[in-house]
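Enquirer: My structure is stored as work-v9.txt, with compact mmCIF, C-alpha atoms and all ligand atoms.
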```txt
# COMPACT_ATOMS: atom_id res chain seq x y z
CA MET F 239 -45.50 101.79 97.32
CA ILE F 240 -41.73 101.96 96.82
CA ILE F 241 -39.37 102.88 99.66
CA SER F 242 -35.86 104.03 98.73
CA SER F 243 -32.81 105.37 100.54
CA GLN F 244 -30.03 104.95 97.98
CA PHE F 245 -29.09 108.63 98.01
CA ASP F 246 -26.73 110.98 99.84
CA GLY F 247 -27.35 110.47 103.57
CA GLY F 248 -30.10 107.90 103.08
CA ASN F 249 -30.69 105.19 105.68
CA ILE F 250 -33.47 102.61 105.83
CA GLU F 251 -34.01 98.93 105.09
CA CYS F 252 -37.44 98.10 103.77
CA LEU F 253 -38.62 94.69 104.99
CA ASP F 254 -42.17 94.85 103.61
CA ALA F 255 -44.05 97.62 101.80
CA SER F 256 -46.94 95.54 100.51
CA ASP F 257 -49.46 97.05 102.95
CA PRO F 258 -49.44 100.90 103.23
CA ALA F 259 -51.04 100.59 106.68
CA ASN F 260 -48.14 98.48 107.94
CA VAL F 261 -44.88 99.34 106.17
CA GLN F 262 -42.12 97.44 107.96
CA LEU F 263 -38.76 99.23 108.16
CA HIS F 264 -35.40 98.88 109.91
CA ILE F 265 -32.71 101.51 110.48
CA ARG F 266 -29.25 100.31 109.39
CA LYS F 267 -26.37 100.36 111.88
CA ASP F 268 -23.38 102.63 111.26
CA ASN F 269 -20.65 100.66 109.46
CA GLU F 270 -18.45 98.65 111.91
CA SER F 271 -20.50 100.02 114.81
CA ASP F 272 -23.64 99.24 116.80
CA PHE F 273 -24.92 102.83 116.74
CA PHE F 274 -28.08 103.59 114.81
CA GLN F 275 -30.87 106.15 115.02
CA TRP F 276 -30.55 108.34 111.89
CA PHE F 277 -33.11 107.52 109.20
CA TYR F 278 -33.84 109.20 105.87
CA PHE F 279 -35.96 107.64 103.14
CA ARG F 280 -38.44 108.34 100.36
CA ALA F 281 -41.88 106.79 100.01
CA ALA F 282 -43.25 106.85 96.46
CA ASN F 283 -46.72 106.24 94.98
CA VAL F 284 -48.37 107.28 98.25
CA MET F 285 -50.68 110.15 97.31
CA ASP F 286 -53.87 110.20 99.42
CA LEU F 287 -52.99 106.92 101.13
CA ASP F 288 -53.28 106.52 104.90
CA CYS F 289 -49.78 105.20 105.57
CA ARG F 290 -48.23 103.75 108.72
CA TYR F 291 -44.45 103.47 108.59
CA VAL F 292 -43.25 101.13 111.35
CA ILE F 293 -39.56 101.34 112.30
CA ALA F 294 -39.48 97.96 113.94
CA ASN F 295 -35.99 98.13 115.50
CA ALA F 296 -36.37 101.61 117.04
CA GLY F 297 -36.39 100.15 120.56
CA ALA F 298 -32.77 99.01 120.08
CA ALA F 299 -31.54 102.40 118.79
CA ALA F 300 -28.70 104.31 120.46
CA TYR F 301 -30.88 106.76 122.44
CA THR F 302 -34.39 105.45 122.98
CA GLY F 303 -35.09 108.50 125.16
CA GLY F 304 -34.83 110.36 121.89
CA TRP F 305 -38.07 108.75 120.68
CA GLN F 306 -40.12 109.99 123.66
CA ASP F 307 -42.25 112.97 122.61
CA TYR F 308 -40.47 112.91 119.25
CA ARG F 309 -42.05 113.71 115.88
CA ALA F 310 -40.33 112.80 112.60
CA VAL F 311 -39.80 115.40 109.87
CA ALA F 312 -41.20 115.12 106.33
CA SER F 313 -40.83 117.11 103.13
CA TYR F 314 -42.29 117.17 99.62
CA ASP F 315 -39.77 119.58 98.08
CA ARG F 316 -36.68 118.65 100.21
CA GLU F 317 -36.41 122.28 101.29
CA PHE F 318 -39.23 122.77 103.77
CA TRP F 319 -39.39 120.15 106.55
CA PHE F 320 -42.46 119.78 108.75
CA ARG F 321 -43.30 117.50 111.65
CA VAL F 322 -45.62 114.51 111.29
CA ASP F 323 -47.54 112.29 113.73
CA THR F 324 -45.14 109.88 115.39
CA SER F 325 -45.47 107.51 118.33
CA PHE F 326 -43.16 105.16 120.23
CA ASP F 327 -44.34 102.22 122.32
CA GLY F 328 -40.92 101.34 123.75
CA ASP F 329 -40.29 98.98 120.87
CA LYS F 330 -41.44 100.39 117.54
CA LEU F 331 -41.51 103.92 116.16
CA VAL F 332 -44.65 104.53 114.09
CA ILE F 333 -44.99 107.44 111.65
CA GLU F 334 -48.53 108.06 110.36
CA HIS F 335 -48.98 110.20 107.29
CA ASN F 336 -51.30 110.84 104.37
CA SER F 337 -49.32 112.43 101.54
CA SER F 338 -50.73 115.20 99.34
CA GLU F 339 -48.06 114.44 96.72
CA ASP F 340 -46.90 111.32 94.89
CA GLN F 341 -43.66 111.18 96.85
CA VAL F 342 -42.68 112.21 100.36
CA TYR F 343 -39.34 112.17 102.21
CA PHE F 344 -39.03 111.32 105.90
CA ALA F 345 -36.01 111.86 108.16
CA TYR F 346 -34.87 111.98 111.78
CA PHE F 347 -34.08 115.69 111.29
CA ALA F 348 -33.88 117.93 108.19
CA PRO F 349 -31.06 116.28 106.19
CA TYR F 350 -27.95 118.20 105.14
CA SER F 351 -26.45 116.45 102.10
CA MET F 352 -22.80 116.37 101.03
CA GLU F 353 -23.93 118.02 97.78
CA ARG F 354 -25.32 120.93 99.76
CA HIS F 355 -22.07 120.97 101.74
CA ALA F 356 -20.09 121.26 98.47
CA ASP F 357 -22.36 124.12 97.37
CA LEU F 358 -21.81 125.87 100.71
CA ILE F 359 -18.01 125.69 100.49
CA ALA F 360 -17.99 126.78 96.82
CA PHE F 361 -20.29 129.72 97.58
CA ALA F 362 -18.27 130.81 100.62
CA GLN F 363 -14.88 130.82 98.89
CA THR F 364 -16.05 133.51 96.44
CA SER F 365 -16.52 135.91 99.36
CA GLU F 366 -13.80 138.55 99.58
CA HIS F 367 -12.87 137.72 103.19
CA CYS F 368 -12.99 133.95 102.86
CA GLN F 369 -10.36 131.37 102.00
CA ALA F 370 -11.22 127.71 101.46
CA LEU F 371 -8.60 125.38 102.93
CA THR F 372 -8.49 121.62 102.33
CA LEU F 373 -6.92 120.03 105.39
CA GLY F 374 -6.81 116.40 104.31
CA GLU F 375 -8.85 113.41 103.22
CA THR F 376 -11.29 111.05 104.84
CA LEU F 377 -11.06 107.25 104.63
CA ASP F 378 -13.65 107.27 101.80
CA GLY F 379 -11.52 109.86 99.98
CA GLN F 380 -13.64 112.95 100.63
CA ALA F 381 -12.03 116.34 101.28
CA MET F 382 -11.83 117.80 104.78
CA ASP F 383 -13.01 121.36 104.19
CA CYS F 384 -12.13 124.33 106.36
CA LEU F 385 -13.05 127.97 105.77
CA ARG F 386 -11.07 130.92 107.06
CA PHE F 387 -12.66 134.34 107.39
CA GLY F 388 -10.32 137.31 107.91
CA GLU F 389 -6.55 137.55 107.85
CA PRO F 390 -4.28 136.22 110.58
CA ALA F 391 -2.27 139.07 112.13
CA ALA F 392 -0.40 139.85 115.33
CA GLY F 393 -2.84 140.66 118.11
CA ARG F 394 -5.83 139.10 116.37
CA LYS F 395 -7.59 136.38 118.31
CA VAL F 396 -8.21 132.97 116.76
CA ILE F 397 -11.76 131.59 116.76
CA TRP F 398 -12.64 128.02 115.76
CA PHE F 399 -16.11 126.63 115.01
CA VAL F 400 -16.34 122.90 114.23
CA ALA F 401 -19.52 120.92 113.62
CA ARG F 402 -21.05 117.57 112.85
CA GLN F 403 -18.50 115.18 114.32
CA HIS F 404 -21.63 113.08 114.71
CA PRO F 405 -23.03 112.98 111.17
CA GLY F 406 -26.66 112.35 112.11
CA GLU F 407 -26.66 115.68 113.97
CA THR F 408 -27.46 117.61 110.81
CA MET F 409 -28.66 120.63 112.82
CA ALA F 410 -24.98 121.31 113.42
CA GLU F 411 -24.37 121.94 109.72
CA TRP F 412 -27.57 124.00 109.40
CA TRP F 413 -26.06 126.13 112.19
CA MET F 414 -22.85 126.37 110.11
CA GLU F 415 -24.75 127.45 107.01
CA GLY F 416 -26.35 130.22 109.07
CA MET F 417 -22.98 131.30 110.45
CA ILE F 418 -21.32 131.30 107.01
CA ASN F 419 -24.18 133.25 105.41
CA ARG F 420 -23.67 135.85 108.12
CA LEU F 421 -19.88 135.98 107.73
CA VAL F 422 -20.00 136.56 103.95
CA ASP F 423 -22.21 139.64 104.45
CA HIS F 424 -19.88 142.62 104.03
CA SER F 425 -22.61 145.04 105.06
CA ASP F 426 -22.92 143.46 108.52
CA PRO F 427 -21.23 145.76 111.05
CA VAL F 428 -20.78 142.99 113.64
CA VAL F 429 -18.90 140.87 111.09
CA THR F 430 -16.72 143.83 110.10
CA GLU F 431 -15.89 144.47 113.74
CA MET F 432 -15.19 140.80 114.48
CA LEU F 433 -12.82 140.46 111.53
CA LYS F 434 -10.80 143.46 112.77
CA LYS F 435 -10.23 141.66 116.06
CA ALA F 436 -10.16 138.02 115.01
CA VAL F 437 -9.63 135.41 112.35
CA ILE F 438 -12.42 132.83 112.22
CA TYR F 439 -11.90 129.21 111.13
CA LEU F 440 -14.84 126.89 110.47
CA VAL F 441 -15.05 123.16 109.78
CA PRO F 442 -18.70 122.86 108.70
CA ASN F 443 -18.57 119.07 108.54
CA MET F 444 -16.09 117.03 110.60
CA ASN F 445 -17.53 113.74 109.33
CA PRO F 446 -18.22 113.69 105.57
CA ASP F 447 -18.08 109.89 105.31
CA GLY F 448 -20.63 109.27 108.03
CA SER F 449 -22.79 112.00 106.51
CA ARG F 450 -22.85 110.49 103.03
CA ARG F 451 -23.27 106.97 104.39
CA GLY F 452 -26.30 107.95 106.46
CA HIS F 453 -24.65 107.23 109.83
CA LEU F 454 -25.79 108.46 113.21
CA ARG F 455 -22.54 108.78 115.08
CA THR F 456 -19.40 107.38 113.43
CA ASN F 457 -17.12 107.66 110.41
CA ALA F 458 -16.50 105.09 107.64
CA VAL F 459 -14.81 102.61 110.01
CA GLY F 460 -17.03 103.04 113.05
CA SER F 461 -14.93 105.63 114.94
CA ASN F 462 -16.83 108.06 117.15
CA LEU F 463 -14.79 111.16 116.28
CA ASN F 464 -15.70 112.91 119.51
CA ARG F 465 -13.84 110.17 121.42
CA GLU F 466 -10.66 110.39 119.34
CA TRP F 467 -9.07 113.71 120.31
CA ASP F 468 -6.54 112.06 122.65
CA LYS F 469 -5.69 109.29 120.17
CA ALA F 470 -6.41 110.51 116.64
CA SER F 471 -4.85 108.25 114.00
CA ALA F 472 -4.58 108.05 110.22
CA ASP F 473 -6.28 104.61 110.30
CA LYS F 474 -9.22 105.38 112.56
CA SER F 475 -9.77 109.14 112.61
CA PRO F 476 -7.85 111.11 109.96
CA GLU F 477 -10.63 113.73 110.16
CA VAL F 478 -9.64 114.64 113.72
CA LEU F 479 -5.92 114.32 113.03
CA CYS F 480 -5.89 116.97 110.28
CA VAL F 481 -8.09 119.46 112.14
CA GLN F 482 -6.13 119.03 115.37
CA GLU F 483 -2.89 119.67 113.46
CA MET F 484 -4.30 122.85 111.86
CA ILE F 485 -5.45 124.18 115.25
CA ARG F 486 -1.92 123.57 116.59
CA GLN F 487 -0.62 125.79 113.79
CA THR F 488 -3.15 128.60 114.26
CA GLY F 489 -3.63 128.50 118.03
CA LEU F 490 -7.05 128.90 119.64
CA ASP F 491 -8.61 131.61 121.82
CA PHE F 492 -12.32 130.78 121.63
CA GLY F 493 -14.30 127.96 120.08
CA LEU F 494 -17.55 126.06 119.72
CA ASP F 495 -18.01 122.40 118.82
CA VAL F 496 -21.58 122.14 117.49
CA HIS F 497 -23.80 119.09 118.10
CA GLY F 498 -27.37 117.86 118.44
CA ASP F 499 -28.80 116.02 121.43
CA GLU F 500 -31.29 113.21 120.82
CA THR F 501 -33.03 113.40 124.17
CA LEU F 502 -33.10 116.91 125.66
CA PRO F 503 -35.60 119.35 124.11
CA TYR F 504 -33.39 122.40 124.71
CA ASN F 505 -30.51 124.42 123.30
CA PHE F 506 -27.65 124.47 125.77
CA ILE F 507 -23.89 124.76 126.15
CA ALA F 508 -21.64 122.26 127.92
CA GLY F 509 -18.38 123.64 129.30
CA THR F 510 -15.11 121.85 130.00
CA GLU F 511 -15.27 122.05 133.81
CA GLY F 512 -13.44 118.82 134.59
CA ILE F 513 -10.20 119.51 132.69
CA PRO F 514 -6.95 119.86 134.70
CA GLY F 515 -6.57 123.48 133.52
CA TRP F 516 -10.04 124.62 134.66
CA ASN F 517 -10.03 127.74 136.84
CA ALA F 518 -12.21 130.58 138.14
CA ASP F 519 -11.41 132.82 135.16
CA ARG F 520 -12.54 130.18 132.71
CA GLN F 521 -15.73 129.62 134.71
CA GLN F 522 -16.45 133.33 134.54
CA GLN F 523 -15.87 133.36 130.77
CA LEU F 524 -18.21 130.41 130.32
CA ASP F 525 -20.96 131.95 132.46
CA SER F 526 -20.60 135.27 130.70
CA TYR F 527 -20.95 133.78 127.21
CA LYS F 528 -23.92 131.58 128.12
CA GLN F 529 -25.76 134.43 129.84
CA THR F 530 -25.18 136.78 126.91
CA LEU F 531 -26.45 134.21 124.43
CA ALA F 532 -29.53 133.51 126.55
CA ARG F 533 -30.35 137.23 126.65
CA LEU F 534 -29.97 137.53 122.88
CA ASN F 535 -31.98 134.50 121.83
CA PRO F 536 -34.99 133.01 123.71
CA ASP F 537 -34.35 129.65 121.99
CA PHE F 538 -31.20 129.31 124.11
CA GLN F 539 -31.34 128.66 127.85
CA THR F 540 -29.01 127.87 130.75
CA GLU F 541 -31.25 125.88 133.11
CA HIS F 542 -31.24 122.47 131.38
CA GLY F 543 -28.21 120.63 130.04
CA TYR F 544 -25.53 118.12 130.99
CA PRO F 545 -24.25 118.09 134.58
CA ALA F 546 -20.78 119.67 134.77
CA ASN F 547 -17.86 117.29 135.22
CA ARG F 548 -16.30 117.33 138.68
CA PRO F 549 -12.71 118.62 138.92
CA GLY F 550 -10.30 116.24 137.24
CA ASN F 551 -13.09 114.12 135.75
CA ALA F 552 -13.17 115.43 132.17
CA ASN F 553 -12.78 112.94 129.34
CA LEU F 554 -9.93 114.31 127.25
CA SER F 555 -10.98 112.28 124.20
CA TYR F 556 -13.76 114.85 123.66
CA CYS F 557 -12.99 117.68 121.24
CA SER F 558 -13.89 120.54 123.59
CA ASN F 559 -12.07 119.14 126.62
CA SER F 560 -8.99 118.31 124.59
CA LEU F 561 -8.78 121.71 122.87
CA ALA F 562 -9.57 123.68 126.04
CA GLN F 563 -6.83 121.84 127.91
CA GLU F 564 -4.21 122.02 125.15
CA HIS F 565 -4.75 125.66 124.21
CA GLY F 566 -5.94 127.17 127.50
CA ALA F 567 -8.97 128.66 125.74
CA LEU F 568 -12.71 128.97 126.28
CA MET F 569 -13.94 126.01 124.24
CA MET F 570 -17.56 124.88 124.52
CA THR F 571 -19.94 122.28 123.16
CA LEU F 572 -23.19 123.69 121.76
CA GLU F 573 -26.09 121.24 121.76
CA MET F 574 -29.34 121.71 119.81
CA PRO F 575 -32.42 119.47 120.00
CA PHE F 576 -33.72 116.90 117.52
CA LYS F 577 -37.17 117.47 119.02
CA ASP F 578 -37.97 121.12 119.73
CA ALA F 579 -36.88 123.88 122.08
CA SER F 580 -39.45 123.23 124.82
CA ASP F 581 -39.57 126.81 126.12
CA THR F 582 -40.30 128.20 122.64
CA PRO F 583 -42.12 125.42 120.74
CA ASP F 584 -43.03 125.49 117.06
CA ASN F 585 -45.78 122.97 116.42
CA LEU F 586 -45.32 122.94 112.64
CA GLN F 587 -41.55 122.47 112.34
CA GLY F 588 -40.16 121.84 115.82
CA TRP F 589 -36.47 122.71 115.98
CA SER F 590 -35.65 123.54 112.37
CA PRO F 591 -32.88 124.56 109.93
CA GLU F 592 -34.21 128.11 109.97
CA ARG F 593 -33.89 128.34 113.75
CA CYS F 594 -30.41 126.74 113.68
CA ALA F 595 -29.30 129.58 111.40
CA LYS F 596 -30.79 132.22 113.71
CA LEU F 597 -29.06 130.64 116.71
CA ALA F 598 -25.75 130.80 114.82
CA HIS F 599 -26.28 134.51 114.24
CA SER F 600 -26.93 134.95 117.96
CA CYS F 601 -23.75 133.00 118.78
CA LEU F 602 -21.74 135.53 116.76
CA ASP F 603 -23.57 138.45 118.37
CA ALA F 604 -22.91 136.97 121.82
CA LEU F 605 -19.21 136.72 121.01
CA HIS F 606 -19.24 140.36 119.89
CA LEU F 607 -21.06 141.53 123.03
CA SER F 608 -19.02 139.48 125.52
CA TRP F 609 -15.70 139.93 123.68
CA ASP F 610 -13.80 141.53 126.57
CA GLN F 611 -15.04 138.88 128.99
CA VAL F 612 -14.44 135.75 126.90
CA THR F 613 -11.18 136.30 125.01
ZN ZN F 701 -22.92 114.92 119.03
```
Output the file's structure as structure tokens, nothing else.
Expert:
Amino acid sequence: MIISSQFDGGNIECLDASDPANVQLHIRKDNESDFFQWFYFRAANVMDLDCRYVIANAGAAAYTGGWQDYRAVASYDREFWFRVDTSFDGDKLVIEHNSSEDQVYFAYFAPYSMERHADLIAFAQTSEHCQALTLGETLDGQAMDCLRFGEPAAGRKVIWFVARQHPGETMAEWWMEGMINRLVDHSDPVVTEMLKKAVIYLVPNMNPDGSRRGHLRTNAVGSNLNREWDKASADKSPEVLCVQEMIRQTGLDFGLDVHGDETLPYNFIAGTEGIPGWNADRQQQLDSYKQTLARLNPDFQTEHGYPANRPGNANLSYCSNSLAQEHGALMMTLEMPFKDASDTPDNLQGWSPERCAKLAHSCLDALHLSWDQVT
């Protein structure tokens, strides 16, 4: 057997692959950081073998609650990702699998490569209503891509969607792909209506370096970008700096920062309750959007999620809190599961790229339906 992870987004160290029934693996830490949990590797020469892949350092990962009731994803063709038998004893994560092909890929969640990201941006820019903007560069020298749908004009609201500050949360970019595929569809009446009223900006990947390096949570130099919005710097977080600057130029009326949560098996939205500028109007906007989304899509719910910050207790280094406070807008954090949506489980795939895309469509529909309440 040969284990490899030297590819876009790969992450594993192989300690010993001599016995298929006891393949010893470690997840690498993010560079200049102690975070780790994202894994993505290929096992080759494994057809018809009963294999046990043991991730021996899983008990020291960032969110061990994420391993409870968790099943890893696998793929033969790198397009369709299915769940496989996985167990966690508090110490080691064990994936058991018998492959029907010579090679099989395993990952924490369906990977979203930087190559696919480049394809997505290139495809989108050929749409009539889309402009591709390059806002700056990362520390590894990758482009910071931003897409704009619609034309800025007096009276038009400004919508921002940003995703994947935490690179291991690949579901966030699958959500983006769903949203972009919807926005390029000129025959979609909701899109047509939205682009009369608004201009929509998207940053499909806030953290290209962490994505390519196979990180869980940080950029090339170990910065957690969702703790940098009150102190963004060219040295530590140029990704945040350039997006923040662009939002200052465009303004902001409504936005979503899209993430994945390791532990909670639900889709939910976190508001910005603890910011100094929070008020009853904003609370009503938040409730209205969440309720509309829950009615539109059974995969989304409002019962489970993070507890709201008490007044004055918001951490302004978070993207949503910072933007909501600075721009006086309804800005929210959307969280999707690594595991599954517990109320609407899918035994074969769990939470999946396909469902991320559908949730993105519902997020646009919810904005359309609750427009007068939320903007
Ligand atoms: Zn996150």
Enquirer: Kindly indicate which residue among F:Ser461, F:Gln611, F:Thr510, F:Thr408 lies nearest to ligand ZN 701 (chain F), using all atoms listed in the file for the distances.
Expert: F:Thr408
Enquirer: Identify, on the basis of all atoms listed in the file, every residue whose closest approach to Pro591 in chain F does not exceed 8 Å; exclude the query and any residue fewer than 2 positions from it along the same chain; express the result as a PyMOL selection string.
Expert: chain F and resi 348+409+412-413+589+593-595
Enquirer: Pull C-alpha atoms from the residues just selected and write them as a JSON list (two decimals), in the coordinates of the input.
Expert:
```
[["chain", "number", "residue", "atom", "x", "y", "z"],
["F", 348, "ALA", "CA", -33.88, 117.93, 108.19],
["F", 409, "MET", "CA", -28.66, 120.63, 112.82],
["F", 412, "TRP", "CA", -27.57, 124.00, 109.40],
["F", 413, "TRP", "CA", -26.06, 126.13, 112.19],
["F", 589, "TRP", "CA", -36.47, 122.71, 115.98],
["F", 593, "ARG", "CA", -33.89, 128.34, 113.75],
["F", 594, "CYS", "CA", -30.41, 126.74, 113.68],
["F", 595, "ALA", "CA", -29.30, 129.58, 111.40]]
```
Enquirer: Using only C-alpha atoms and all ligand atoms, which protein or nucleic acid residues are at most 7 Å from ligand ZN 701 (chain F), as a compact mmCIF listing (two decimals) with C-alpha atoms, keeping the file's coordinate frame?
Expert:
```txt
# COMPACT_ATOMS: atom_id res chain seq x y z
CA ARG F 402 -21.05 117.57 112.85
CA GLN F 403 -18.50 115.18 114.32
CA HIS F 404 -21.63 113.08 114.71
CA GLU F 407 -26.66 115.68 113.97
CA HIS F 497 -23.80 119.09 118.10
CA GLY F 498 -27.37 117.86 118.44
CA ASP F 499 -28.80 116.02 121.43
```
Enquirer: So which one's closest to Glu431 in chain F, F:Arg394, F:Gly512, F:Leu561, F:Thr324? Using all atoms listed in the file, please.
Expert: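 Looking at the shortest contact to Glu431 in chain F, the residue is F:Arg394.
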Enquirer: Could you state the separation of CA of Trp609 in chain F and CA of Ile438 in chain F in Å, given to one decimal place?
Expert: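 CA of Ile438 in chain F lies at a distance of 13.9 Å from CA of Trp609 in chain F.
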Enquirer: Suppose you want the space between CA of Asn464 in chain F and CA of Leu568 in chain F; what is it in Å?
Expert: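 Value for the CA of Asn464 in chain F-CA of Leu568 in chain F distance: 17.7 Å.
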Enquirer: I'd like to know which of F:Asp288, F:Glu270, F:Asp537, F:Asp340 is closest to Gly460 in chain F, using all atoms listed in the file.
Expert: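 Between F:Asp288, F:Glu270, F:Asp537, F:Asp340, the residue approaching Gly460 in chain F most closely is F:Glu270.
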Enquirer: Calculated over all atoms listed in the file, which of the candidates F:Met285, F:Cys480, F:Val396, F:Leu534 has the smallest distance to Tyr439 in chain F?
Expert: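 Under the stated criterion, the closest residue is F:Val396.
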Enquirer: Excluding range 275-282 of chain F and its own-chain neighbours fewer than 6 positions away, which residues fall within 8 Å of it when counting all atoms listed in the file? Please give them as a PyMOL selection string.
Expert: chain F and resi 239-243+247-250+265+267+296+299-301+340-346+349+406+452-454
Enquirer: May I have the residues from that selection written out with C-alpha atoms, as a short mmCIF file (atom, residue, chain, number, x, y, z; two decimals), keeping the file's coordinate frame?
Expert:
```
data_model
loop_
_atom_site.label_atom_id
_atom_site.label_comp_id
_atom_site.auth_asym_id
_atom_site.auth_seq_id
_atom_site.Cartn_x
_atom_site.Cartn_y
_atom_site.Cartn_z
CA MET F 239 -45.50 101.79 97.32
CA ILE F 240 -41.73 101.96 96.82
CA ILE F 241 -39.37 102.88 99.66
CA SER F 242 -35.86 104.03 98.73
CA SER F 243 -32.81 105.37 100.54
CA GLY F 247 -27.35 110.47 103.57
CA GLY F 248 -30.10 107.90 103.08
CA ASN F 249 -30.69 105.19 105.68
CA ILE F 250 -33.47 102.61 105.83
CA ILE F 265 -32.71 101.51 110.48
CA LYS F 267 -26.37 100.36 111.88
CA ALA F 296 -36.37 101.61 117.04
CA ALA F 299 -31.54 102.40 118.79
CA ALA F 300 -28.70 104.31 120.46
CA TYR F 301 -30.88 106.76 122.44
CA ASP F 340 -46.90 111.32 94.89
CA GLN F 341 -43.66 111.18 96.85
CA VAL F 342 -42.68 112.21 100.36
CA TYR F 343 -39.34 112.17 102.21
CA PHE F 344 -39.03 111.32 105.90
CA ALA F 345 -36.01 111.86 108.16
CA TYR F 346 -34.87 111.98 111.78
CA PRO F 349 -31.06 116.28 106.19
CA GLY F 406 -26.66 112.35 112.11
CA GLY F 452 -26.30 107.95 106.46
CA HIS F 453 -24.65 107.23 109.83
CA LEU F 454 -25.79 108.46 113.21
#
```
Enquirer: Which is closer to Leu463 in chain F than all the others in F:Ala508, F:Leu586, F:Ile397, F:Cys557, using all atoms listed in the file?
Expert: F:Cys557
Enquirer: Name the closest residue to Ile359 in chain F among the candidates F:Pro549, F:Gly566, F:Gly297, F:Pro442; distances are taken between atoms, counting all atoms listed in the file.
Expert: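 Using all atoms listed in the file, Ile359 in chain F sits closest to F:Pro442.
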Enquirer: One decimal, in Å: what's the spacing between CA of Asp468 in chain F and CA of Gly489 in chain F?
Expert: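 Between these atoms lies a distance of 17.3 Å.
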Enquirer: Residues near Gln529 in chain F, anyone? I mean within 12 Å using all atoms listed in the file, not counting same-chain ones fewer than 6 positions away, as a list in words.
Expert: Phe506, Ile507, Gln522, Gln523, Asn535, Pro536, Phe538, Gln539, Thr540, Glu541, Ser600, Cys601, Ala604, Leu605, Leu607, Ser608, Gln611 and Val612 of chain F
Enquirer: Can you take the partial range 566-570 of chain F, add all heavy atoms, and return it as a CSV table (one decimal), in the frame of the given file?
Expert:
```csv
chain,number,residue,atom,x,y,z
F,566,GLY,N,-5.6,126.2,126.4
F,566,GLY,CA,-5.9,127.2,127.5
F,566,GLY,C,-7.0,128.2,127.1
F,566,GLY,O,-6.9,129.4,127.4
F,567,ALA,N,-8.0,127.7,126.3
F,567,ALA,CA,-9.0,128.7,125.7
F,567,ALA,C,-10.4,128.3,126.2
F,567,ALA,O,-10.6,127.2,126.7
F,567,ALA,CB,-8.9,128.6,124.2
F,568,LEU,N,-11.3,129.3,126.0
F,568,LEU,CA,-12.7,129.0,126.3
F,568,LEU,C,-13.2,128.2,125.1
F,568,LEU,O,-13.4,128.7,124.0
F,568,LEU,CB,-13.5,130.3,126.5
F,568,LEU,CG,-15.0,130.0,126.7
F,568,LEU,CD1,-15.3,129.2,128.0
F,568,LEU,CD2,-15.8,131.3,126.7
F,569,MET,N,-13.4,126.9,125.3
F,569,MET,CA,-13.9,126.0,124.2
F,569,MET,C,-15.2,125.4,124.8
F,569,MET,O,-15.2,124.9,125.9
F,569,MET,CB,-12.9,125.0,123.9
F,569,MET,CG,-13.2,124.0,122.8
F,569,MET,SD,-13.1,124.8,121.2
F,569,MET,CE,-14.3,123.7,120.3
F,570,MET,N,-16.3,125.4,124.0
F,570,MET,CA,-17.6,124.9,124.5
F,570,MET,C,-18.2,124.0,123.5
F,570,MET,O,-17.9,124.0,122.3
F,570,MET,CB,-18.5,126.1,124.8
F,570,MET,CG,-18.0,127.0,125.8
F,570,MET,SD,-18.9,128.6,125.8
F,570,MET,CE,-18.2,129.4,124.4
```
